[in-house]
Every structure is written in C-alpha cells, then in structure tokens.
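The structure appears right after this line, and notes come after that.
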Amino acid sequence: MKRNILSIIAGLLWLVQPAFGQSADSVAVVTKSWSVKSIAKGIVWKHGHFEQLFGSHQDVNLVAIDLKKYRRKIRIAADSARLDSTSQIAAAYGAVVAINGGFFDMKNGGSVDFVKVDNQVVNRTRAQTDRADAVLLISRRKTEIQSAASIDYEYNKVPNVMLSGPLLIQDGVAEVLNSNPFNDNRHPRSAFATTADGKLIFVVVDGRNKLSAGMNLDELTKMLGWLGADDAMNLDGGGSSTLYVKGATETGVVNHPSDNKKFDHMGQRPVANIVYVEL
C-alpha cells in the first residue's frame, strides 16, 4: 500500500514538473495532508498550514467546486458604488461559499475594472492598467478564465463578466509576469482557478503575519499549478483577501483577513464585489 501511494505521488509530481518545476515546495503542496470538509455534494473546503513553503510559514484555504453540478449556480454580486465586507455580501445573497473579487475604488466605491452581472454593466473600467488582463466569464453553460486581450468582453453575450488579474496560467502554461512591486512582493492573495477535470477553485493565501508570510505572484502561480490549475487569474489581495464558507465560523470567514493586523477571522476590508455559489 505504501509503495502504491508513493508511486501515485511520483506520478503527480511528474505531471506538474514540465510547466511548474519539481522542488521541495511542489512536494509539500502535492503531498499535503489538508484539513478537508465537505460543504455540499460537489463542494469541498480545504485548509493547509505550511511550516515551510517558499521558505516561510504559509496558511492556505481553498474551496473546490464541481462545475458539472454547479455551473448554473456560480454568481457575481457587485454594487456600482457601495462597499461591504465579503461575508455581508455573501450572507445577503444566500451564498454557501464566496471569495472577494476584483480591484475597487476605496474612496468612491465600485470596481475600477469592468464588471457585468446578469447582462447589466455594473462598472466600466476607470483606468487601463497592465494588471487587469484576465476575465472570468460565467454563463449557464460554462465558467472560464480567459485573457482579456482574447475576447471582446464588454460586448460579448456572456451575461456575467469580471475583469481582474494578472492572468497567471492559461491552458496549463504559466504566464510571464512583469517585474514590479505588486507582482514581486509578498501579500495576502486571492485567486480563481479552473481545472482540466471541471472544477472551479477559490484560493486565498493569508499574509502580513508571522504565521503566514503571503506570496508573490510567481509563488502563487506555482502553487496553483501544483494544485492542478489549467487556467488561473489573480484577484484583489492584501486586506481584501477573504474566503467565506457559510456557518464555518461566526462570520463565515475561514481565512485570516489582515486589515485588523491580527491572525483571526475579523479583519475584513469592505469590497465592491464577490463571486459566490448558491445552492
């Protein structure tokens, strides 16, 4: 039995090696004994604390959603001006799981990048940046992540669109990212990923704490690749990074948002939009 398990692990590492490299970090992720809880049939929440990942403590939460079962249940909630915490928005919309969305205007509210919900444009892009180069596209037929340059996302017929980024992985290949402080420095991070076996993954990495350093985007990309991401995009991170699982804690927040500078579930930052799953 032990030999069979080791053979399976070796096979998994061989699969991720060409695109993302085999290393002690990849072994740590692929062989991690995650804390796993089934939220509903086809929705699984996983938590893992790493003593050594990319040379530091890391705390990671993710939710894997079976799109075959929930492709018509993936939703965007957004307001053109108002800001609320991820947990408040999620509770108001009856979400079972949710993650914070794209970048927003902290002073005036609303997203700074294009968002469309149920065929209604909530926000248009306020200023072009090289950061917002990926789109999450949600329809009744499928949920997918695409390069913003590859699709006319403002005028296509997909009813639900969120522009954010940077794009991290496309068709199993890691994107080449620009070198700048946003990409290169470690922060709390949020991301979407889709997998070849039909799952949507919400991922949040805690940061700005001795118990979790956070990741730069190269580290985040590698971890997502080891987790099986075929396509992946970054979201608003820092104090915004929040993962919600209904009933899991007092507020539903399962990670450790950093705005209160404590490693607890209370330090949420008000945001403009979320992506969530309804039952």
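In the structure tokens, the first chain shown is A, the next is B, and so on; residue numbers restart at 1 for each chain, and ligands run from 1 in the order shown.
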
Can I get the residues of region 41-153 of chain A within 10 Å of region 22-28 of chain A, each with the closest pair of atoms and their distance in Å to one decimal, using only C-alpha atoms, sorted chain first then ascending number, as JSON lines?
{"residue": "A:Phe50", "atom": "CA", "partner": "A:Ala28", "partner_atom": "CA", "distance": 8.0}
{"residue": "A:Glu51", "atom": "CA", "partner": "A:Ala28", "partner_atom": "CA", "distance": 9.8}
{"residue": "A:Gln52", "atom": "CA", "partner": "A:Asp25", "partner_atom": "CA", "distance": 8.0}
{"residue": "A:Leu53", "atom": "CA", "partner": "A:Asp25", "partner_atom": "CA", "distance": 5.6}
{"residue": "A:Phe54", "atom": "CA", "partner": "A:Asp25", "partner_atom": "CA", "distance": 6.3}
{"residue": "A:Gly55", "atom": "CA", "partner": "A:Asp25", "partner_atom": "CA", "distance": 8.7}

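Neighbouring residues of Tyr244 (chain A) at 10 Å or closer, counting only C-alpha atoms and skipping chain neighbours under 2 positions away, are Asn61, Leu62, Val63, Thr86, Ser87, Gln88, Ala90, Ala91, Ala95, Val96, Val97, Ala98, Ile99, Asn100, Phe202, Thr242, Lys246, Gly247, Ala248, Thr249, Thr251, Gly252, Val253, Val254, Asn255 and Tyr276 of chain A.
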
Considering only strand (DSSP E) as DSSP defines it on the backbone, what residues of region 73-161 of chain A qualify? List them as an MDAnalysis selection string.
chainID A and resid 74:78 95:100 115:117 120:123 134:138 143:147 160:161

Would you mind listing, for every residue of region 97-205 of chain A within 10 Å of region 74-82 of chain A, the two atoms forming the shortest contact and the distance between them in Å to one decimal, using only C-alpha atoms, sorted by chain and ascending residue number, as CSV?
residue,atom,partner,partner_atom,distance
A:Val97,CA,A:Ile74,CA,9.9
A:Ala98,CA,A:Arg75,CA,9.3
A:Ile99,CA,A:Ile76,CA,10.0
A:Asn100,CA,A:Ala77,CA,9.8
A:Gly101,CA,A:Ile76,CA,8.6
A:Gly102,CA,A:Ala78,CA,9.9
A:Phe104,CA,A:Ala81,CA,9.4
A:Asp105,CA,A:Ala81,CA,8.5
A:Met106,CA,A:Ala81,CA,9.8
A:Lys107,CA,A:Ala81,CA,9.6
A:Asn108,CA,A:Ala81,CA,6.5
A:Gly109,CA,A:Ala81,CA,4.2
A:Gly110,CA,A:Ala81,CA,4.2
A:Ser111,CA,A:Ser80,CA,6.9
A:Val112,CA,A:Ser80,CA,9.7
A:Val115,CA,A:Ala78,CA,7.7
A:Lys116,CA,A:Ile76,CA,8.3
A:Val117,CA,A:Ile76,CA,6.3
A:Asp118,CA,A:Ile76,CA,8.6
A:Val121,CA,A:Ser80,CA,9.0
A:Val122,CA,A:Ser80,CA,5.3
A:Asn123,CA,A:Ser80,CA,5.8
A:Arg124,CA,A:Ser80,CA,9.3
A:Leu136,CA,A:Ile76,CA,10.0
A:Ile138,CA,A:Ile74,CA,7.2
A:Ser139,CA,A:Ile74,CA,8.5
A:Arg140,CA,A:Ile74,CA,8.7
A:Lys142,CA,A:Ile74,CA,9.5
A:Thr143,CA,A:Ile74,CA,7.9
A:Asn160,CA,A:Ile76,CA,7.0
A:Val161,CA,A:Ile76,CA,8.2
A:Met162,CA,A:Ile76,CA,8.1
A:Leu200,CA,A:Ile74,CA,9.4

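As for CA of Leu67 (chain A) and CA of Asp231 (chain A), they are spaced 14.2 Å apart.
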
Could you give me, as number ranges by chain, the residues within 7 Å of Val135 (chain A), counting only C-alpha atoms and dropping anything in the same chain fewer than 4 positions from it?
A: 145-148, 161-164

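Residues in contact with region 33-44 of chain A at 6 Å, where only C-alpha atoms are counted and same-chain residues fewer than 3 positions away are skipped, are listed as A:His47, A:Gly48, A:Val63, A:Ala64, A:Ile65, A:Asp66.
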
Hey, can you spit out that residue selection with N, CA and C atoms as an mmCIF file, in the first residue's frame?
data_model
loop_
_atom_site.group_PDB
_atom_site.id
_atom_site.type_symbol
_atom_site.label_atom_id
_atom_site.label_comp_id
_atom_site.auth_asym_id
_atom_site.auth_seq_id
_atom_site.Cartn_x
_atom_site.Cartn_y
_atom_site.Cartn_z
ATOM 1 N N HIS A 47 -8.110 23.317 4.043
ATOM 2 C CA HIS A 47 -7.219 24.254 4.721
ATOM 3 C C HIS A 47 -5.882 23.574 4.967
ATOM 4 N N GLY A 48 -4.803 24.307 4.724
ATOM 5 C CA GLY A 48 -3.483 23.770 5.000
ATOM 6 C C GLY A 48 -2.558 24.829 5.557
ATOM 7 N N VAL A 63 -11.518 26.438 -1.800
ATOM 8 C CA VAL A 63 -12.785 25.735 -1.999
ATOM 9 C C VAL A 63 -12.818 25.238 -3.431
ATOM 10 N N ALA A 64 -13.030 23.941 -3.605
ATOM 11 C CA ALA A 64 -13.131 23.331 -4.932
ATOM 12 C C ALA A 64 -14.598 23.039 -5.234
ATOM 13 N N ILE A 65 -15.072 23.522 -6.387
ATOM 14 C CA ILE A 65 -16.483 23.440 -6.763
ATOM 15 C C ILE A 65 -16.607 22.640 -8.055
ATOM 16 N N ASP A 66 -17.423 21.612 -8.040
ATOM 17 C CA ASP A 66 -17.646 20.777 -9.220
ATOM 18 C C ASP A 66 -18.566 21.526 -10.185
#

Do you have, as JSON lines, the list of residues of region 34-151 of chain A lying at most 12 Å from region 183-186 of chain A, each with its nearest atom pair and that distance in Å to one decimal, counting only C-alpha atoms and ordered by chain then number?
{"residue": "A:Phe54", "atom": "CA", "partner": "A:Arg186", "partner_atom": "CA", "distance": 10.8}
{"residue": "A:Ser56", "atom": "CA", "partner": "A:Arg186", "partner_atom": "CA", "distance": 11.0}
{"residue": "A:Gln58", "atom": "CA", "partner": "A:Arg186", "partner_atom": "CA", "distance": 11.0}
{"residue": "A:Asp130", "atom": "CA", "partner": "A:Asn183", "partner_atom": "CA", "distance": 11.4}
{"residue": "A:Arg131", "atom": "CA", "partner": "A:Asn183", "partner_atom": "CA", "distance": 9.2}

Taking the chain letters and numbering used in this document, name the residues of region 187-265 of chain A that DSSP puts in helix (DSSP H, G or I), as a PyMOL selection string.
chain A and resi 217-226+238-240

Kindly save the residues from that selection, with C-alpha atoms included, as a short mmCIF file (atom, residue, chain, number, x, y, z; two decimals), in the first residue's frame.
data_model
loop_
_atom_site.label_atom_id
_atom_site.label_comp_id
_atom_site.auth_asym_id
_atom_site.auth_seq_id
_atom_site.Cartn_x
_atom_site.Cartn_y
_atom_site.Cartn_z
CA LEU A 217 2.62 36.18 -7.86
CA ASP A 218 5.32 33.81 -9.06
CA GLU A 219 4.87 31.75 -5.89
CA LEU A 220 1.10 31.90 -6.17
CA THR A 221 1.27 30.75 -9.80
CA LYS A 222 3.47 27.80 -8.92
CA MET A 223 1.19 26.72 -6.09
CA LEU A 224 -1.90 26.93 -8.31
CA GLY A 225 -0.15 24.83 -10.93
CA TRP A 226 0.69 22.17 -8.33
CA GLY A 238 -3.97 42.41 0.60
CA GLY A 239 -6.58 43.30 3.19
CA SER A 240 -9.34 42.35 0.74
#

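CA of Ser241 (chain A) is positioned 5.5 Å from CA of Ser190 (chain A).
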
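When CA of His256 (chain A) is paired with CA of Val277 (chain A), their separation reads 20.7 Å.
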
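The closest residue to Asp206 (chain A), picked from A:His187, A:Arg141, A:Lys73, A:His265 and counting only C-alpha atoms, is A:His187.
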
Determine, counting only C-alpha atoms, which protein, DNA and RNA residues have an atom within 8 Å of an atom of Lys68 (chain A); residues of the same chain fewer than 3 positions away are not included. Present the result as JSON, numbers by chain.
{"A": [71, 198, 199]}

Selection export as a short mmCIF file (atom, residue, chain, number, x, y, z; two decimals), in the first residue's frame, atoms kept: N, CA and C atoms:
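Wrote it out as result-v2.cif, contents follow:
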data_model
loop_
_atom_site.label_atom_id
_atom_site.label_comp_id
_atom_site.auth_asym_id
_atom_site.auth_seq_id
_atom_site.Cartn_x
_atom_site.Cartn_y
_atom_site.Cartn_z
N ARG A 71 -22.54 24.55 -12.36
CA ARG A 71 -22.25 25.54 -13.40
C ARG A 71 -23.33 26.62 -13.50
N GLY A 198 -12.79 19.85 -14.54
CA GLY A 198 -14.07 20.53 -14.41
C GLY A 198 -14.38 21.12 -13.06
N LYS A 199 -13.37 21.64 -12.39
CA LYS A 199 -13.60 22.29 -11.10
C LYS A 199 -13.22 23.77 -11.16
#
